[in-house]
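Let me begin by presenting the structure, written as structure tokens, before commenting on it.
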Amino acid sequence: MTGLRYVYAVCRPFRSALQAQLTGVAGTPPKQLTHHGLVAVVSTVPEGDFTEEALRARLEDLDWLTVTARAHQQVIDALTAVTTPLPLRLATVFRDDSGVRSMMEAREDDFRRVLDRLEGRVEWGVKVYADKEPAAGADAAGPGAAEPGRPEPGAVPGRDHLRMRRSQTRAREDVRQRATAFADALHARLSAFAEDARTHAPQNPALSGATGQNVLNSAYLVPRTESEEFVELVDREKDDVPGIRVELTGPWAAYSFTGESAGEPEVGP
Amino acid sequence: MTVVERREVALVDLLDRLPAGGVVVTGDITLRIADVDLVRIDLNALISSVNEQVPSPRDDPT
């Protein structure tokens with residue numbers, strides 16, 4: 001049977017077995033391909049979905065992308081339990097094993113350098129949201145506030161409505177500004193604790209389904225041994241700020257830190 | 001404290017990392033795919049797809 005090779009990650013050799021039930025993209029179990037002392041974790045995928053042309057179309061298909069991304073993540077997650085994997089970009093595909101070996105040879109030095117940098121580290125995600133709805137009653141005490149339930153005779157509903165809208169807009173803007181300041185301070189504190197940090201674009205509420213505006217969406221590289229402390233730090237910071245919500249995700253494999261670190265200049269050939 | 005209770009990973013968090021994260025390697029097949037800004041493609045597709053599923057309340061349902 002022919003098929004292409006989908007590569008999930010490159011790791012140093014590891015002893016523990018992967019979960020027996022683990023399946024990867026396209027439902028086939030991943031296997032290890034060892035070359036020059038590094039391990040590529042690969043599985044066979046059908047040509048129909050993974051040639052370049054097919055991939056371009058598939059990557060724009062939400063259902064396909066979801067299933068593929070989850071399968072990819074599941075393999076990376078299983079690897080994270082037994083070693084520190086260097087995840088490859090989603091949908092990295094080769095014709096056959098020898099293509100994978102050539103790639104490993106060509107990138108050997110890069111892989112070793114990044115694997116050294118990531119060894120024993122995980123990634124944590126932190127998001128800050130500004131609530132869309134101002135706290136109830138925030139503007140009820142303002143001068144001239146309309147008394148609820150007692151419409152004045154001859155009142156102009158349109159004008160009251162406009163005034164209320166303006167006041168809500170101001171309250172929202174206020175929450176957003178406080179959330180941004182809070183997020184900046186939090187990011188500075190977490191960055192100082194973490195070994196490295198990356199800021200992702202704010203998430204689109206249409207995709208996340210989250211209420212509130214996403215004002216910070218960052219990833220932090222943290223040694224496993226300091227993860228508990230990092231989580232406690234986030235926990236402490238997130239308390240008692242009305243209108244602001246903090247979300248923590250992880251631990252992730254170091255997806256956001258596989259490139260050169262931000263502080264390092266690119267080294268030319 | 002119990003810290004690392006894993007829940008189902010939200011797709012949107014996955015998509016922050018998966019299309020654009022990870023080492024870019026030029027495979028035999030993905031030689032030119034790797035050059036493409038996958039995030040842009042994916043998010044455009046996603047947003048239009050999500051919007052189809054959840055029409056804006058302001059849209060006229062004709």
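How things are named: the first chain in the structure tokens is A, the next is B, and so on; residues count from 1 in each chain; ligands count from 1 in the order shown.
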
Can you pull out the residues contacting Glu119 (chain A)? Cut-off 10 Å, using only C-alpha atoms, and skip same-chain residues under 6 positions away; I want them as a PDB file with N, CA and C atoms, in the first residue's frame.
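Saved as around-v8.pdb:
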```pdb
ATOM      1  N   CYS A  11      12.288  14.161  18.252  1.00  0.00           N
ATOM      2  CA  CYS A  11      12.658  14.071  19.669  1.00  0.00           C
ATOM      3  C   CYS A  11      14.008  13.380  19.793  1.00  0.00           C
ATOM      4  N   ARG A  12      14.535  13.451  20.993  1.00  0.00           N
ATOM      5  CA  ARG A  12      15.643  12.565  21.322  1.00  0.00           C
ATOM      6  C   ARG A  12      15.041  11.206  21.647  1.00  0.00           C
ATOM      7  N   THR A  83       8.561  12.591  26.859  1.00  0.00           N
ATOM      8  CA  THR A  83       9.802  13.261  26.467  1.00  0.00           C
ATOM      9  C   THR A  83       9.482  14.730  26.181  1.00  0.00           C
ATOM     10  N   THR A  84      10.459  15.478  25.682  1.00  0.00           N
ATOM     11  CA  THR A  84      10.191  16.847  25.247  1.00  0.00           C
ATOM     12  C   THR A  84      10.225  16.878  23.728  1.00  0.00           C
ATOM     13  N   PRO A  85       9.053  16.840  23.086  1.00  0.00           N
ATOM     14  CA  PRO A  85       9.061  16.797  21.627  1.00  0.00           C
ATOM     15  C   PRO A  85       9.282  18.178  21.022  1.00  0.00           C
ATOM     16  N   LEU A  86       9.879  18.195  19.851  1.00  0.00           N
ATOM     17  CA  LEU A  86       9.951  19.419  19.063  1.00  0.00           C
ATOM     18  C   LEU A  86       8.863  19.292  17.999  1.00  0.00           C
ATOM     19  N   PRO A 223       9.989  25.966  32.737  1.00  0.00           N
ATOM     20  CA  PRO A 223      10.472  24.627  33.093  1.00  0.00           C
ATOM     21  C   PRO A 223       9.365  23.869  33.835  1.00  0.00           C
ATOM     22  N   ARG A 224       9.232  22.573  33.524  1.00  0.00           N
ATOM     23  CA  ARG A 224       8.232  21.749  34.200  1.00  0.00           C
ATOM     24  C   ARG A 224       8.304  21.900  35.712  1.00  0.00           C
ATOM     25  N   ALA A 254       5.918  22.913  23.489  1.00  0.00           N
ATOM     26  CA  ALA A 254       6.377  24.282  23.235  1.00  0.00           C
ATOM     27  C   ALA A 254       6.157  24.729  21.785  1.00  0.00           C
TER      28      ALA A 254
END
```

Interface rows for chain A against chain B: nearest pair, Å to one decimal, 8 Å, only C-alpha atoms, as a tab-separated table:
```
residue	atom	partner	partner_atom	distance
A:Phe50	CA	B:Ile29	CA	7.8
A:Thr51	CA	B:Ile29	CA	6.0
A:Glu52	CA	B:Ile29	CA	5.5
A:Arg56	CA	B:Ile33	CA	7.4
A:Leu59	CA	B:Asp42	CA	6.4
A:Glu60	CA	B:Ala45	CA	5.2
A:Asp61	CA	B:Ala45	CA	7.0
A:Leu62	CA	B:Leu46	CA	6.0
A:Thr66	CA	B:Leu11	CA	7.1
A:Ala69	CA	B:Leu18	CA	6.6
A:Arg70	CA	B:Leu14	CA	7.8
A:Gln73	CA	B:Leu18	CA	7.9
A:Leu86	CA	B:Gly22	CA	7.3
A:Pro87	CA	B:Gly22	CA	4.9
A:Leu88	CA	B:Gly22	CA	4.3
A:Arg89	CA	B:Gly22	CA	4.3
A:Leu90	CA	B:Pro19	CA	5.5
A:Ala91	CA	B:Thr30	CA	7.5
A:Thr92	CA	B:Thr30	CA	5.9
A:Val93	CA	B:Gly27	CA	5.5
A:Phe94	CA	B:Asp28	CA	4.9
A:Arg95	CA	B:Asp28	CA	6.2
A:Gly99	CA	B:Asp28	CA	6.9
A:Val100	CA	B:Gly27	CA	7.7
A:Met103	CA	B:Gly27	CA	7.3
A:His200	CA	B:Asp16	CA	7.0
A:Gln203	CA	B:Val12	CA	7.5
A:Ala206	CA	B:Val50	CA	7.0
A:Leu207	CA	B:Val12	CA	6.4
A:Ser208	CA	B:Val12	CA	5.6
A:Glu228	CA	B:Val3	CA	6.8
A:Val231	CA	B:Val3	CA	7.0
A:Gly250	CA	B:Val4	CA	7.7
A:Pro251	CA	B:Val4	CA	7.4
A:Ala254	CA	B:Gly22	CA	8.0
A:Tyr255	CA	B:Gly22	CA	5.0
A:Ser256	CA	B:Gly21	CA	5.2
A:Phe257	CA	B:Gly22	CA	7.6
A:Thr258	CA	B:Gly22	CA	5.5
A:Gly259	CA	B:Val23	CA	6.6
```

Keeping only N, CA and C atoms, write those residues as a short mmCIF file (atom, residue, chain, number, x, y, z; two decimals), in the first residue's frame.
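See again-v3.cif below for the written result:
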```cif
data_model
loop_
_atom_site.label_atom_id
_atom_site.label_comp_id
_atom_site.auth_asym_id
_atom_site.auth_seq_id
_atom_site.Cartn_x
_atom_site.Cartn_y
_atom_site.Cartn_z
N PHE A 50 -3.28 14.44 1.15
CA PHE A 50 -2.06 15.12 1.61
C PHE A 50 -1.08 15.53 0.52
N THR A 51 -1.46 15.42 -0.73
CA THR A 51 -0.60 16.03 -1.74
C THR A 51 -0.75 17.55 -1.60
N GLU A 52 0.18 18.28 -2.20
CA GLU A 52 0.16 19.71 -1.98
C GLU A 52 -1.17 20.34 -2.37
N ARG A 56 -3.92 22.22 0.23
CA ARG A 56 -4.35 23.62 0.15
C ARG A 56 -5.85 23.73 0.33
N LEU A 59 -6.91 22.50 4.07
CA LEU A 59 -6.60 23.40 5.19
C LEU A 59 -7.64 24.52 5.32
N GLU A 60 -8.45 24.69 4.30
CA GLU A 60 -9.50 25.70 4.41
C GLU A 60 -10.84 25.08 4.78
N ASP A 61 -10.82 23.80 4.99
CA ASP A 61 -12.04 23.08 5.36
C ASP A 61 -12.04 22.93 6.88
N LEU A 62 -12.94 23.64 7.53
CA LEU A 62 -12.93 23.71 9.00
C LEU A 62 -13.00 22.34 9.66
N THR A 66 -10.05 20.77 11.85
CA THR A 66 -10.31 20.46 13.26
C THR A 66 -9.86 19.05 13.60
N ALA A 69 -5.99 18.80 13.25
CA ALA A 69 -5.28 19.51 14.32
C ALA A 69 -5.42 18.74 15.64
N ARG A 70 -6.59 18.21 15.91
CA ARG A 70 -6.78 17.46 17.15
C ARG A 70 -5.95 16.18 17.16
N GLN A 73 -2.37 17.15 17.70
CA GLN A 73 -2.19 17.53 19.10
C GLN A 73 -2.15 16.31 20.01
N LEU A 86 9.88 18.20 19.85
CA LEU A 86 9.95 19.42 19.06
C LEU A 86 8.86 19.29 18.00
N PRO A 87 7.72 19.97 18.20
CA PRO A 87 6.62 19.79 17.25
C PRO A 87 6.96 20.41 15.90
N LEU A 88 6.55 19.74 14.84
CA LEU A 88 6.70 20.33 13.52
C LEU A 88 5.39 21.01 13.14
N ARG A 89 5.48 21.88 12.16
CA ARG A 89 4.30 22.58 11.65
C ARG A 89 3.25 21.57 11.19
N LEU A 90 2.00 21.89 11.46
CA LEU A 90 0.89 21.03 11.02
C LEU A 90 1.03 20.69 9.54
N ALA A 91 0.78 19.43 9.22
CA ALA A 91 0.79 18.97 7.82
C ALA A 91 2.16 19.08 7.16
N THR A 92 3.18 18.54 7.84
CA THR A 92 4.50 18.41 7.23
C THR A 92 4.60 16.99 6.67
N VAL A 93 4.66 16.87 5.35
CA VAL A 93 4.46 15.57 4.71
C VAL A 93 5.59 15.24 3.74
N PHE A 94 5.99 13.96 3.74
CA PHE A 94 7.05 13.48 2.85
C PHE A 94 6.55 12.29 2.04
N ARG A 95 7.25 12.02 0.92
CA ARG A 95 6.83 10.91 0.07
C ARG A 95 7.05 9.56 0.77
N GLY A 99 12.73 10.27 2.47
CA GLY A 99 12.54 11.72 2.46
C GLY A 99 12.64 12.30 3.87
N VAL A 100 12.06 11.58 4.82
CA VAL A 100 12.11 12.03 6.22
C VAL A 100 13.55 12.02 6.71
N MET A 103 15.57 14.91 5.38
CA MET A 103 15.22 16.14 6.09
C MET A 103 15.92 16.19 7.45
N HIS A 200 0.41 36.04 21.03
CA HIS A 200 -0.40 35.70 19.87
C HIS A 200 -1.40 36.83 19.62
N GLN A 203 -7.79 36.67 20.25
CA GLN A 203 -8.72 35.72 19.62
C GLN A 203 -9.99 36.42 19.19
N ALA A 206 -15.85 35.46 17.55
CA ALA A 206 -16.70 34.62 16.69
C ALA A 206 -16.18 33.19 16.69
N LEU A 207 -14.86 33.04 16.87
CA LEU A 207 -14.27 31.69 16.89
C LEU A 207 -14.26 31.10 18.29
N SER A 208 -13.91 31.93 19.27
CA SER A 208 -13.73 31.39 20.62
C SER A 208 -15.06 31.21 21.34
N GLU A 228 4.25 24.59 38.62
CA GLU A 228 3.28 24.79 39.70
C GLU A 228 3.35 26.23 40.21
N VAL A 231 1.70 28.58 37.74
CA VAL A 231 0.24 28.51 37.83
C VAL A 231 -0.26 29.26 39.07
N GLY A 250 -2.99 24.86 29.32
CA GLY A 250 -1.73 24.14 29.30
C GLY A 250 -1.70 23.02 30.31
N PRO A 251 -0.59 22.34 30.46
CA PRO A 251 0.66 22.64 29.75
C PRO A 251 0.62 22.13 28.31
N ALA A 254 5.92 22.91 23.49
CA ALA A 254 6.38 24.28 23.23
C ALA A 254 6.16 24.73 21.78
N TYR A 255 4.91 24.66 21.34
CA TYR A 255 4.58 25.02 19.95
C TYR A 255 5.05 26.41 19.56
N SER A 256 4.89 27.34 20.51
CA SER A 256 5.15 28.74 20.17
C SER A 256 6.63 29.11 20.29
N PHE A 257 7.46 28.13 20.66
CA PHE A 257 8.87 28.45 20.92
C PHE A 257 9.84 27.60 20.11
N THR A 258 9.40 27.18 18.94
CA THR A 258 10.25 26.30 18.15
C THR A 258 11.19 27.08 17.25
N GLY A 259 10.92 28.38 17.10
CA GLY A 259 11.83 29.21 16.30
C GLY A 259 12.99 29.67 17.15
#
```

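You will find CA of Gln74 (chain A) at 24.5 Å from CA of Pro202 (chain A).
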